[in-house]
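*Asks:* I am attaching a structure below and will ask some questions about it afterwards.
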Amino acid sequence: MDDWLTVGPSTRLTGRSSTNPYRTKLLSSDVDVWRDGQGKVVARCGDSTLMVQDAYGYLWICPSGKPTKTIFSFPEYAEPGRRIVDCDGIGVAVSGLRMVENFLDMGHFPYVHAHYLGEVPQTEVAAYEVNVDESAGEIWATNCRFYQPKTSKSATTGLDVQYRYRVMQPMSAILYKTAFPRPGEMDAIGLFVQPHDEESITAYCLLAYYDDTTTETDLLSFQHTIFGQDKPILENQRPKRMPLQPGSEVPTRCDAMSVAYRRWLKARGTSYGAVR
């Protein structure tokens, strides 16, 4: 309730007003959003006005009106030379916490994303480091690496890809990965989850890429292919909510980030979309 939760791209407000607002669902409640005559974003739930802001091309609401911190930083969004592509969202019948955990998991690459993000027999997830940044309230996984036959739409050969994962909020994360056109740089992929209810979400994807050649249609197609491969796996997980009790699901060595994420959620007292 004290985090900033997205309700979608700010382009949703084009042509909207107080008499014709953009209506969506957040945390099981209907929310109306529009811009007033001065261009300021306004959000309401019933008779209550909500705290809302426009950042990184997305609309963010703090349901309680008492955010524990400012919106997370995303410096790559404004970095010169990067291409910003909003891939919009895909609906998934699962907890938002499950969606983020899937985003953090390298172990499923060769099986769910075969010939794209991984391939058999190169299935081993090398040891990596996980740290909790207490001052920022974020989790980082660093020194991650994985061989990928097609890391992005622009990739023409396989690549030993370097990864960094960052979880800023329970339902917001960013992945940094080797940029194929610039091996010394890293692309950034933002995952912003809108929880409609505890078992139904929209997962949005925002790219901050070094790629001047791939068409926007092809970039969108690639990301939706990847998300589309994840969707049936996520929707068949049981329970749909994230179990936070120790021992309820057995992790392996490659799940170090997932283990840290679950512990972090439990320490925060997270309950929405979770089984505690």
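Going by the structure tokens order, chains are called A, B, ..., each with residues numbered from 1, while ligands are numbered from 1 in the order shown.
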Which residues are close to Thr11 in chain A, i.e. within 10 Å by only C-alpha atoms, leaving aside same-chain residues fewer than 3 positions away? Reply as JSON, numbers by chain.
*Replies:* {"A": [8, 14, 15, 16, 57, 58, 59]}
*Asks:* With a distance cut-off of 8 Å and only C-alpha atoms, select the neighbouring residues of range 165-180 of chain A, excluding the residue or stretch itself and same-chain residues fewer than 6 positions from it, and output the selection as number ranges by chain.
*Replies:* A: 3, 5, 72, 96-97, 100, 104, 137-142, 151-152, 154-155, 186-194, 209-210, 265
*Asks:* Counting only C-alpha atoms, which residue out of A:Asp2, A:Phe103, A:Arg44, A:Gly273 sits closest to Tyr22 in chain A?
*Replies:*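 When distances to Tyr22 in chain A are compared using only C-alpha atoms, the smallest one comes from A:Arg44.
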*Asks:* Looking at A:Glu216, A:Pro239, A:Val41, A:Arg98, which one is nearest to Arg262 in chain A, with distances taken over only C-alpha atoms?
*Replies:*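 Among A:Glu216, A:Pro239, A:Val41, A:Arg98, it is A:Arg98 that comes nearest to Arg262 in chain A.
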*Asks:* Rank nothing, just name the residue among A:Ala136, A:Ala127, A:Leu13, A:Val31 nearest to Ile71 in chain A, using only C-alpha atoms.
*Replies:*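 Between A:Ala136, A:Ala127, A:Leu13, A:Val31, the residue approaching Ile71 in chain A most closely is A:Ala136.
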*Asks:* For Leu244 in chain A, which residue among A:Ser221, A:Gln162, A:Thr49, A:Ser271 is the nearest when counting only C-alpha atoms?
*Replies:*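 Selected residue with least distance to Leu244 in chain A: A:Ser271.
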